[in-house]
Every structure is written in structure tokens, then in C-alpha cells.
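Data first, discussion second: the structure below is written as C-alpha cells.
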Amino acid sequence: MSETTHNALPSSGKSGLMSRLGLARPELRAWAMYDWAVSAVQTTIMVAVFPVYFVNIAKVDLPESRATQAIATANTIVAVVLAILSPVLGAVSDYVAAKKRLLGASMLVGAAAVAGMFFVQQGDYRLALVLFVISLIGATASTVFYDALLPHIASEDEIDRVSSAGYAVGYIGGGLLLALNLAWILKPEWFGLPSGPNLSGSEKSLPTRLAFLSVAVWWVVFSIPLFRRVPEPPRTREPDEIRGGNVLVVPFVRVAETFQALRGYKQAFLMLLAFMIYNDGIQTIQKMAATYGKELGIADSVLIASILIVQFVGFPFAFLFGAIAARIGAKHAIFIGLVVYAGISILGFYMRSAAHFVLLAALVATVQGGTQALSRSLFASLIPPHKSGEFFGFYSVFEKFASIFGPLLFWITIATTGSSRNAILSVIFFFALGAIVLSRVRVKEGQAAARAADADVVTVAS
């Protein structure tokens with residue numbers, strides 16, 4: 001076994017459209033394509049198609065409210081499992097240089113579960129729930145390793161554009177497949193699928209079940225460029241790390257050390273805290289928007305159209321945020337997004353019609369991808385790349401916790417005031433508090449600390 005100094009990141013190009021978009025090199029484009037692949041799980045499985053299908057197939061044995069509650073319980077199980085596993089798996093990926101292998105394993109497990117949904121028929125709600133949980137665990141775990149690759153392939157001056165490009169490409173990928181899925185679900189005759197009256201239950205559900213199968217195929221096929229083009233970051237060893245440590249023990253030790261070391265990476269920790277707070281507001285708007293719209297009498301067709309609007313309007317604006325960050329910095333660009341989100345909460349308070357809902361969906365699309373992409377890239381710049389797996393494991397945990405307090409405040413506000421409008425307005429609290437914490441992050445200091453920590457490690461070659 002030989003040791004070399006830790007390799008520097010590739011330098012970024014300065015000219016050309018692809019460079020300005022953050023897609024200058026083959027490995028950057030291949031990395032972004034994984035967002036295209038996995039976003040289909042977000043749109044078709046998490047948001048638009050599976051929840052409706054689940055309620056319909058579960059109606060035989062459960063009331064609609066219990067079916068919705070079951071979906072919420074499944075999401076909670078996913079969050080708990082990932083909170084436990086993400087940091088440890090991230091540490092394993094760092095210690096044995098296996099980010100791509102673990103990403104691939106997570107992806108294959110998740111895709112197999114999604115493909116299995118094709119066999120879910122009327123009344124099979126227990127099977128559907130199990131497959132739903134496994135698919136979300138696979139998808140979310142894979143993004144931990146995907147995010148952890150970012151600081152290894154992007155240089156400091158391009159990381160914001162590259163992260164934004166991933167979100168932008170993901171919007172198009174998820175949106176295109178969702179549009180195709182909805183087309184053959186709503187108009188099966190266009191695609192030669194069974195349609196009309198007197199269909200059996202299996203025939204009626206075939207278009208939706210084919211949508212699930214298409215997500216699995218889409219996810220696997222469009223993941224191939226990442227495995228072909230993106231290099232696996234080399235294994236590294238810190239100066240005080242014990243040689244020949246047990247791979248089953250060392251990752252747990254490193255997770256404990258990293259959790260303690262978060263205090264030493266003060267700026268990264270502050271960024272995590274700020275992200276958890278303001279992302280709670282973002283997640284609350286995403287999760288409660290459809291329910292709020294239904295309460296106001298917005299038609300299902302408008303709600304579905306709004307999902308597609310978010311996907312396709314979000315595409316150019318994610319790129320735009322990357323360009324803005326290149327000029328004023330990621331931190332200041334995130335502030336812009338939070339101000340817009342606060343405005344969305346205020347406008348939501350006054351919303352009355354379907355046209356208002358569509359307008360709000362378009363406004364969300366202008367800032368959603370950019371704010372989250374720049375949060376990812378800013379955090380990546382504040383951590384040592386050789387420990388990116390375990391740090392992004394913690395990032396995933398904080399991201400999951402960012403879906404608890406917003407809905408809770410929403411519920412408390414409704415219970416106290418009797419008004420969902422007041423609840424929408426209350427979400428501003430998260431954007432304001434998150435912005436205050438974010439203002440305390442000293443980016444240059446944090447980046448210097450991350451570079452200093454990474455300078456002491458050595459690359460271990462077998």
C-alpha cells in the first residue's frame with residue numbers, strides 16, 4: 001500500500017455556455033444526470049401518482065383518512081431509518097472509498113421496490129406500503145452518496161453552478177416522465193392500453209402500474225452515465241487514524257468523532273442549523289400546499305398542473321440561481337430565495353382562486369431548486385472533502401428533521417386560530433429565523449478551515 005498527498009480538485013473552465021451552466025466537463029454532466037434519474041421517484045412516487053393510487057387500492061379495507069395516515073406513518077419510518085443509517089453509511093463510503101458502490105446498491109434496492117409496485121393490485125395496501133418505504137429509503141440514501149461526490153468533482157469557484165445544474169436537470173427529468181405517466185394514465189387509449197367501460201380491476205390499474213415500472217427503468221438507465229464517467233474519490237487516511245482498522249468498527253468511531261468535530265467546524269454547523277430551520281419552512285409549503293388548495297376548493301386538475309409548472313419553471317431558475325451565486329455568492333443568493341418564500345407565504349394568506357394557486361406554484365418554482373441547490377453547495381464548501389460522505393450523512397439527517405416543526409406549527413396555528421390562512425402566514429417564522437442564523441455563517445472562514453483539514457490527509461492507494 002502506498003500513500004500520496006491528497007489530490008487537488010480539477011480547475012474549472014471559464015468560457016462557453018456549458019461552463020457557465022456548471023456542465024463544462026463530462027463528469028459534471030454525468031453527475032447531474034443522476035438528478036434527472038432519481039427525480040422521477042420524487043415526482044411520480046412521492047408526490048403525484050403513488051399517493052393517489054394507494055388511497056384507491058386501500059379503500060377496500062381502510063377509510064380514506066386512515067390511508068392518508070398510513071402514508072404519513074411510512075414517511076416517518078423512512079425518516080427514522082435514514083436518521084440512523086445515513087451518517088454511518090456515509091462514514092463507510094469515506095473509509096473504504098465506496099461512494100459509487102453504495103450509491104449503486106441503494107439505487108438498485110430502491111428501483112427494485114418501485115418495479116415491484118407493478119404487482120400491487122386492489123387491496124394490496126400492505127405490500128404497497130412496504131415497497132413505498134423501501135423505495136424512499138433507497139432513493140434518499142443514494143442521494144447522500146450522490147451529494148458527497150460533489151466536492152470531489154467541482155472546484156471551489158464552480159461548485160454553486162454545478163449543484164444548481166443538478167437541480168435544474170432533475171426538474172426536467174422528473175417533469176418529463178411525470179407528464180408522460182399522467183398522459184397514459186388519463187388517456188390510455190392513446191398508447192394502446194385498455195380503456196373504456198367494463199374493464200377488470202387489473203386492466204383499470206395497468207396504466208398506473210406501468211408508470212411505476214417506468215420510474216424504475218428510468219432511474220436505472222439514466223444512472224449509467226454517473227457510474228461510467230464520475231471517478232470514485234480515493235480512500236484517504238487522516239494523520240492520527242489507526243492503520244488496518246476494522247471496517248465494521250472504524251466508521252462508527254468516525255461518525256462519533258465527526259459529530260463531536262462539528263463544533264470545530266463552526267461555520268458548517270451554523271449552516272446546517274440555518275438550513276434545518278429555513279428548509280422546514282420550504283418543506284411545509286411543499287407538503288401543505290395541495291391540502292390547502294383542496295380546502296379552498298381548487299380542482300385536482302389544477303393541483304396536478306401546478307406540479308408540472310413547478311418542474312418546468314424550476315428548470316431555468318435553478319440555472320439562474322447558480323449564475324447569481326457566481327456573482328454575489330451562495331449565501332446572499334439564498335437570502336434572495338428566503339425573501340421570495342416569505343412573500344409567497346403572505347400571498348398565500350390572500351389566495352382566493354385557482355389562478356392565484358397557479359401563480360404561487362410558479363413563484364415557488366423560481367426559488368425552490370435554486371435555494372436548495374445553493375444550500376447543498378455552500379455546505380459542501382464548508383466541509384473537508386475527504387469526510388464528505390459522513391458530513392452529508394448528517395446533512396441528510398438535518399434535512400429529515402426539517403419536516404417536523406413546520407407542519408407542527410401549522411397544526412398548532414389552525415387549532416389556536418381556526419384558520420389555515422393564519423397557518424400559511426406563520427411559516428414566515430422559519431424563513432426569518434433561518435435567515436438570521438445564516439447571517440452568522442462566515443463563509444471564507446469556514447472554507448479555510450475545510451481546506452486546512454483536507455491538507456493533512458493522505459491518499460491511500462492499494
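Ordering of the C-alpha cells sets the chain letters (A, B, ...); residue numbers start at 1 within each chain; ligands are numbered from 1 in the order shown.
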
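Every protein or nucleic acid residue with an atom no more than 8 Å from Phe275 of chain A, counting only C-alpha atoms and leaving out same-chain residues fewer than 3 positions away, appears here: Met271, Leu272, Tyr278, Asn279, Ser375, Phe398, Glu399, Gly434 and Leu438 of chain A.
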
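For the residues A:Gly173, A:Phe410, A:Ala148, A:Ile428, ranking by smallest atom-to-atom distance to Gly343 of chain A using only C-alpha atoms places A:Ile428 first.
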
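Across the structure, atom CA of Arg229 of chain A and atom CA of Pro26 of chain A are spaced 6.7 Å apart.
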
inquiry  = What parts of segment 42-249 of chain A does DSSP call alpha helix (DSSP H)? I'd like the answer as number ranges by chain.
reply    = A: 50-58, 64-95, 99-116, 125-153, 159-186, 201-221, 224-229

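Considering the residues A:Leu150, A:Ala290, A:Ala40, A:Ala342 and counting only C-alpha atoms, Leu433 of chain A has its shortest atom-to-atom contact with A:Ala342.
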
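Residues within 12 Å of Arg126 of chain A, counting only C-alpha atoms and excluding same-chain residues fewer than 4 positions away, are Phe54, Val55, Ile57, Ala58, Asp61, Leu62, Ala67, Ala70, Ile71, Ala74, Met117, Val120, Gln121, Gln122, Val130, Leu131, Phe132 and Val133 of chain A.
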
message = Report as a PyMOL selection string all protein, DNA and RNA residues lying within 12 Å of Ala355 of chain A, evaluated on only C-alpha atoms, omitting residues in the same chain fewer than 5 positions from it.
response = chain A and resi 293+298-299+302-303+305-306+348+360-362

key: For Val41 of chain A, the nearest of the candidates A:Val358, A:Ile134, A:Leu425, A:Ala318, counting only C-alpha atoms   = A:Ile134

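Within the 9 Å cut-off around Ile172 of chain A, using only C-alpha atoms and omitting residues fewer than 5 positions from it on the same chain, the listed residues are A:Trp36, A:Ser39, A:Tyr167, A:Leu177, A:Gln311, A:Phe312, A:Gly314, A:Phe315.
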
Quick one: write out the picked residues with N, CA and C atoms as a compact mmCIF listing (two decimals), in the first residue's frame?
```
# COMPACT_ATOMS: atom_id res chain seq x y z
N TRP A 36 -31.48 13.83 -12.77
CA TRP A 36 -32.50 13.54 -13.79
C TRP A 36 -33.13 12.18 -13.51
N SER A 39 -35.02 11.99 -9.76
CA SER A 39 -36.14 12.93 -9.58
C SER A 39 -37.47 12.31 -9.99
N TYR A 167 -29.90 20.27 -9.85
CA TYR A 167 -31.32 20.51 -9.57
C TYR A 167 -32.09 20.84 -10.85
N LEU A 177 -40.95 12.66 -17.23
CA LEU A 177 -41.53 11.34 -17.00
C LEU A 177 -42.91 11.47 -16.35
N GLN A 311 -42.05 21.90 -11.98
CA GLN A 311 -40.94 21.18 -12.61
C GLN A 311 -40.32 21.98 -13.76
N PHE A 312 -41.15 22.51 -14.64
CA PHE A 312 -40.61 23.12 -15.85
C PHE A 312 -40.20 24.57 -15.66
N GLY A 314 -39.08 25.58 -12.76
CA GLY A 314 -37.90 25.45 -11.91
C GLY A 314 -36.62 25.23 -12.67
N PHE A 315 -36.69 24.65 -13.87
CA PHE A 315 -35.50 24.33 -14.67
C PHE A 315 -34.63 25.56 -14.95
```

query = Quick one, how far is atom CA of Leu85 of chain A from atom CA of Val220 of chain A?
reply = 22.7 Å

query = By how many Å are atom CA of Val52 of chain A and atom CA of Gly110 of chain A apart?
reply = 19.9 Å

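Among the candidates A:Pro233, A:Gly389, A:Gly175, A:Pro51, the one nearest to Leu308 of chain A when counting only C-alpha atoms is A:Gly175.
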
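Shortest separation to Leu182 of chain A among A:Ala30, A:Val427, A:Ile436, A:Ile304 occurs at residue A:Ile304, atoms counted being only C-alpha atoms.
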